[in-house]
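Student: I have a structure here, written as structure tokens, and I will follow up with some questions on it.
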Amino acid sequence: MKNTEGLAAWLRLTLIPGIGGETQRKLLAAFGLPDAIFAAGRLATRAVIGQRAELLFDFDPSEQVDRSIAWASEANQHILTLADPAYPATLLEIADPPNVLYIRGNPALLAEPGLAMVGSRNATPQGMQTAESFARTLAGKGLTIISGLALGIDAAAHRGALAADGKTVAVIGTGADRLYPARNKELALAIADKGAIISEFPLGTPAMAANFPRRNRIISGLSRGVLVVEAAPESGSLITARLAGEQGREVFAIPGSIHSPVARGCHKLIKQGAKLVETAQDVFEELGNMAQPEPLPEPTVDQDSPLLAALGHDPCSLDELGARTGLPTDQLLTELLTLELTGQLATLPGNRYQRMN
């Protein structure tokens with residue numbers, strides 16, 4: 001059985017509806033540990049937070065507390081509080097650190113040098129490949145890849161880190177006992193086994209839209225920098241990038257085609273001062289020696305086929321390719337299929353094609 005001394009009081013404090021994180025920190029600043037808050041009584045706590053103090057004594061979360069302690073007693077499951085020596089120091093640097101963290105996996109990873117990688121849920125095939133490739137390289141050189149387990153770029157970043165046998169942390173917007181989205185269940189289980197899944201939300205918390213932007217401050221807070229791979233102009237990834245800037249973290253962005261909607265958010269960040277990234281080495285150079293990487297090899301230039309050269313780096317329709325190459329449609333389709341089977345291009349909706357390198 002894991003040591004639960006003091007944990008019950010922390011859970012009691014954080015599980016009371018209407019007593020949010022800011023109010024909890026006011027109480028902690030005034031009285032110290034949660035045990036002292038409850039021992040202070042109604043009158044003293046009312047002087048700090050007003051009438052909301054009544055909730056501290058009128059609401060009884062004992063059932064949730066017991067369930068949470070039982071959950072944390074299981075192998076590979078943990079609850080960290082602000083007072084825990086293992087609480088990640090990087091989160092103590094931000095304005096509103098979570099008072100409690102529920103963790104599935106290895107909590108020690110939260111202290112490792114990390115890079116957040118975020119981006120569009122509706123990523124392009126090229127964006128997915130880029131995210132996975134960058135994550136594989138960066139994780140292979142010692143960085144912990146931090147993301148949000150969402151579909152698209154997040155999932156690709158986690159997969160890339162796992163493929164390198166590296167470290168990855170998923171910050172989720174549900175309870176740590178929930179696996180969301182369902183399509184990422186297998187990936188989530190792999191992260192819990194080889195990395196860590198963390199949440200500030202109580203066990204059983206379902207997927208709610210308001211929780212996902214909130215968890216973004218933890219993604220950026222745990223990291224030394226945030227790399228945005230693809231993002232629309234109003235993407236939640238830009239929230240993470242903004243929070244990173246406010247927290248004093250580095251912000252990186254990978255540019256894309258001027259015709260791609262999911263590149264415009266990255267271009268916006270670059271205009272605002274984010275570092276334009278073309279290679280993993282660009283990230284290491286900016287972050288300095290925090291992971292002490294070896295120099296990365298320079299990328300080699302592919303010997304393009306004439307068809308790939310005609311395709312360029314923007315999505316292109318079959319008719320446009322025919323006009324550019326002068327090839328008959330049957331020959332064009334045969335060559336496109338060959339390139340797709342070898343992973344050099346992807347077929348997009350609307351009978352369009354995009355190169356993957």
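We label chains A, B, ... in the order they appear in the structure tokens, count residues from 1 in each chain, and number ligands from 1 in the order shown.
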Tell me, as a list in words, which residues lie within 9 Å of Asp314 in chain A, counting only C-alpha atoms; anything in the same chain fewer than 6 positions away does not count.
Tutor: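 Contacts, with the query itself left out: Gly256, Ser257, Ile258, His259, Ser260, Tyr353, Gln354 and Arg355 of chain A.
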Student: Would you list the contacts of Arg104 in chain A as an MDAnalysis selection string, taking every protein, DNA or RNA residue within 10 Å and counting only C-alpha atoms, but skipping same-chain residues closer than 3 positions in sequence?
Tutor: chainID A and resid 72 74:79 101 107 169:170 176:177 188:189 191:193 195:199
Student: Range 129-229 of chain A near range 60-69 of chain A within 10 Å: what's each residue's closest atom pair and its distance in Å to one decimal, counting only C-alpha atoms, ordered by chain then ascending residue number, as CSV?
Tutor:
residue,atom,partner,partner_atom,distance
A:Pro202,CA,A:Ser68,CA,8.2
A:Leu203,CA,A:Ser68,CA,6.9
A:Gly204,CA,A:Gln64,CA,9.6
Student: Emit the selected residues as a short mmCIF file (atom, residue, chain, number, x, y, z; two decimals), in the first residue's frame, including C-alpha atoms.
Tutor:
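Writing the result to part_6.cif gives the following:
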data_model
loop_
_atom_site.label_atom_id
_atom_site.label_comp_id
_atom_site.auth_asym_id
_atom_site.auth_seq_id
_atom_site.Cartn_x
_atom_site.Cartn_y
_atom_site.Cartn_z
CA PRO A 202 -10.87 14.17 -10.74
CA LEU A 203 -11.30 10.53 -11.63
CA GLY A 204 -14.38 9.91 -13.72
#
Student: Could you produce a table of the residues of range 51-121 of chain A lying within 12 Å of range 206-222 of chain A, with the nearest pair of atoms per residue and their separation in Å rounded to one decimal, using only C-alpha atoms, ordered by chain and increasing residue number, as a Markdown table?
Tutor:
| residue | atom | partner | partner_atom | distance |
| --- | --- | --- | --- | --- |
| A:Tyr87 | CA | A:Leu222 | CA | 10.9 |
| A:Pro88 | CA | A:Leu222 | CA | 7.5 |
| A:Ala89 | CA | A:Leu222 | CA | 8.5 |
| A:Thr90 | CA | A:Leu222 | CA | 5.5 |
| A:Leu91 | CA | A:Gly221 | CA | 5.4 |
| A:Leu92 | CA | A:Gly221 | CA | 8.6 |
| A:Glu93 | CA | A:Gly221 | CA | 7.7 |
| A:Ile94 | CA | A:Gly221 | CA | 6.4 |
| A:Ala95 | CA | A:Gly221 | CA | 9.6 |
| A:Asp96 | CA | A:Arg217 | CA | 8.5 |
| A:Pro97 | CA | A:Ile218 | CA | 7.7 |
| A:Pro98 | CA | A:Ile218 | CA | 8.0 |
| A:Asn99 | CA | A:Ile218 | CA | 11.7 |
| A:Val100 | CA | A:Ile218 | CA | 11.9 |
| A:Leu101 | CA | A:Ile218 | CA | 10.3 |
| A:Leu109 | CA | A:Leu222 | CA | 10.1 |
| A:Leu110 | CA | A:Leu222 | CA | 6.9 |
| A:Ala111 | CA | A:Leu222 | CA | 8.2 |
| A:Glu112 | CA | A:Leu222 | CA | 9.1 |
| A:Pro113 | CA | A:Leu222 | CA | 8.5 |
| A:Gly114 | CA | A:Leu222 | CA | 6.8 |
| A:Leu115 | CA | A:Leu222 | CA | 8.2 |
| A:Ala116 | CA | A:Ser220 | CA | 6.3 |
| A:Met117 | CA | A:Ile219 | CA | 8.9 |
| A:Val118 | CA | A:Ile219 | CA | 9.1 |
| A:Gly119 | CA | A:Asn216 | CA | 11.8 |
Student: Residues of range 46-232 of chain A classed as alpha helix (DSSP H) by DSSP on the backbone are to be reported as a ChimeraX atom specification.
Tutor: /A:46-49,53-58,62-72,89-92,125-140,153-163,185-194,211-222
Student: Applying 10 Å and only C-alpha atoms, which residues near range 325-337 of chain A remain after dropping the ones on its own chain fewer than 5 positions away? List them as number ranges by chain.
Tutor: A: 305-311, 318-320, 342-347, 353
Student: Residues as selected, C-alpha atoms, written as a CSV table (one decimal), in the first residue's frame, can you do that?
Tutor:
chain,number,residue,atom,x,y,z
A,305,SER,CA,11.4,11.5,-59.8
A,306,PRO,CA,10.1,13.8,-62.6
A,307,LEU,CA,6.6,13.3,-61.3
A,308,LEU,CA,7.5,14.3,-57.8
A,309,ALA,CA,9.3,17.3,-59.1
A,310,ALA,CA,6.2,18.3,-61.1
A,311,LEU,CA,4.1,17.7,-58.0
A,318,LEU,CA,-4.7,14.8,-61.3
A,319,ASP,CA,-5.6,17.2,-64.1
A,320,GLU,CA,-2.9,19.7,-63.0
A,342,THR,CA,6.5,3.5,-51.4
A,343,GLY,CA,5.4,6.2,-49.1
A,344,GLN,CA,6.5,9.2,-51.2
A,345,LEU,CA,3.1,10.7,-51.6
A,346,ALA,CA,-0.4,10.6,-50.2
A,347,THR,CA,-3.8,10.8,-51.8
A,353,TYR,CA,-2.0,14.3,-54.3
Student: Please indicate the distance in Å from CA of Ile153 in chain A to CA of Ala108 in chain A, rounded to one decimal place.
Tutor: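 Here the two named atoms are 24.7 Å from each other.
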Student: As a list in words, please: the residues near Ala123 in chain A (cut-off 10 Å, only C-alpha atoms, same-chain neighbours under 6 positions excluded).
Tutor: Gln129, Ala131, Leu151, Gly152, Ile153, Asp154, Ala156, Val229, Glu230, Ala231, Ala232, Val262 and Ala263 of chain A
Student: Using the chain letters and numbers from this document, which residues of range 13-219 of chain A does DSSP assign to strand (DSSP E), as a PyMOL selection string?
Tutor: chain A and resi 77-81+100-105+114-118+144-147+168-171+196-199
Student: Please identify all polymer residues within 7 Å of Pro255 in chain A, counting only C-alpha atoms, omitting same-chain residues fewer than 6 positions from it, and present them as a PDB file with N, CA, C and O atoms, in the first residue's frame.
Tutor:
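Output (result34.pdb):
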ATOM      1  N   ALA A 263      -1.625  25.582 -42.150  1.00  0.00           N
ATOM      2  CA  ALA A 263      -0.308  26.212 -42.025  1.00  0.00           C
ATOM      3  C   ALA A 263      -0.412  27.654 -41.547  1.00  0.00           C
ATOM      4  O   ALA A 263       0.561  28.223 -41.062  1.00  0.00           O
ATOM      5  N   CYS A 266       0.660  28.462 -37.951  1.00  0.00           N
ATOM      6  CA  CYS A 266       2.114  28.455 -37.791  1.00  0.00           C
ATOM      7  C   CYS A 266       2.732  29.723 -38.357  1.00  0.00           C
ATOM      8  O   CYS A 266       3.640  30.314 -37.758  1.00  0.00           O
ATOM      9  N   HIS A 267       2.238  30.158 -39.512  1.00  0.00           N
ATOM     10  CA  HIS A 267       2.760  31.386 -40.106  1.00  0.00           C
ATOM     11  C   HIS A 267       2.466  32.590 -39.212  1.00  0.00           C
ATOM     12  O   HIS A 267       3.299  33.495 -39.070  1.00  0.00           O
ATOM     13  N   LEU A 276      11.209  29.863 -36.605  1.00  0.00           N
ATOM     14  CA  LEU A 276      10.896  29.009 -37.747  1.00  0.00           C
ATOM     15  C   LEU A 276      11.788  27.768 -37.693  1.00  0.00           C
ATOM     16  O   LEU A 276      13.002  27.881 -37.586  1.00  0.00           O
TER      17      LEU A 276
END
Student: Which is closest to Gln247 in chain A among A:Ala9, A:Val226, A:Val277, A:Ile16, if we use only C-alpha atoms?
Tutor: A:Val226
Student: Suppose you want the space between CA of Phe134 in chain A and CA of Ile103 in chain A; what is it in Å?
Tutor: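 According to the coordinates, CA of Phe134 in chain A and CA of Ile103 in chain A are separated by 25.6 Å.
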Student: Counting only C-alpha atoms, what is within 7 Å of range 278-281 of chain A, bar same-chain residues fewer than 6 positions away, as a list in words?
Tutor: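 My reading of the contact set: Phe134, Thr137, Leu138, Ile254 and Leu296 of chain A.
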Student: Mind pulling up the distance from CA of Gly225 in chain A to CA of Leu269 in chain A?
Tutor: 13.7 Å
Student: Would you list the contacts of Ala83 in chain A as a list in words, taking every protein, DNA or RNA residue within 10 Å and counting only C-alpha atoms, but skipping same-chain residues closer than 6 positions in sequence?
Tutor: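 These residues fall inside the cut-off: Gly6, Leu7, Trp10, Gly32, Leu33, Asn99 and Val100 of chain A.
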Student: Nearest to Gly127 in chain A among A:Ala190, A:Val228, A:Val251, A:Cys316, with distances taken over only C-alpha atoms: which residue is it?
Tutor: A:Val228
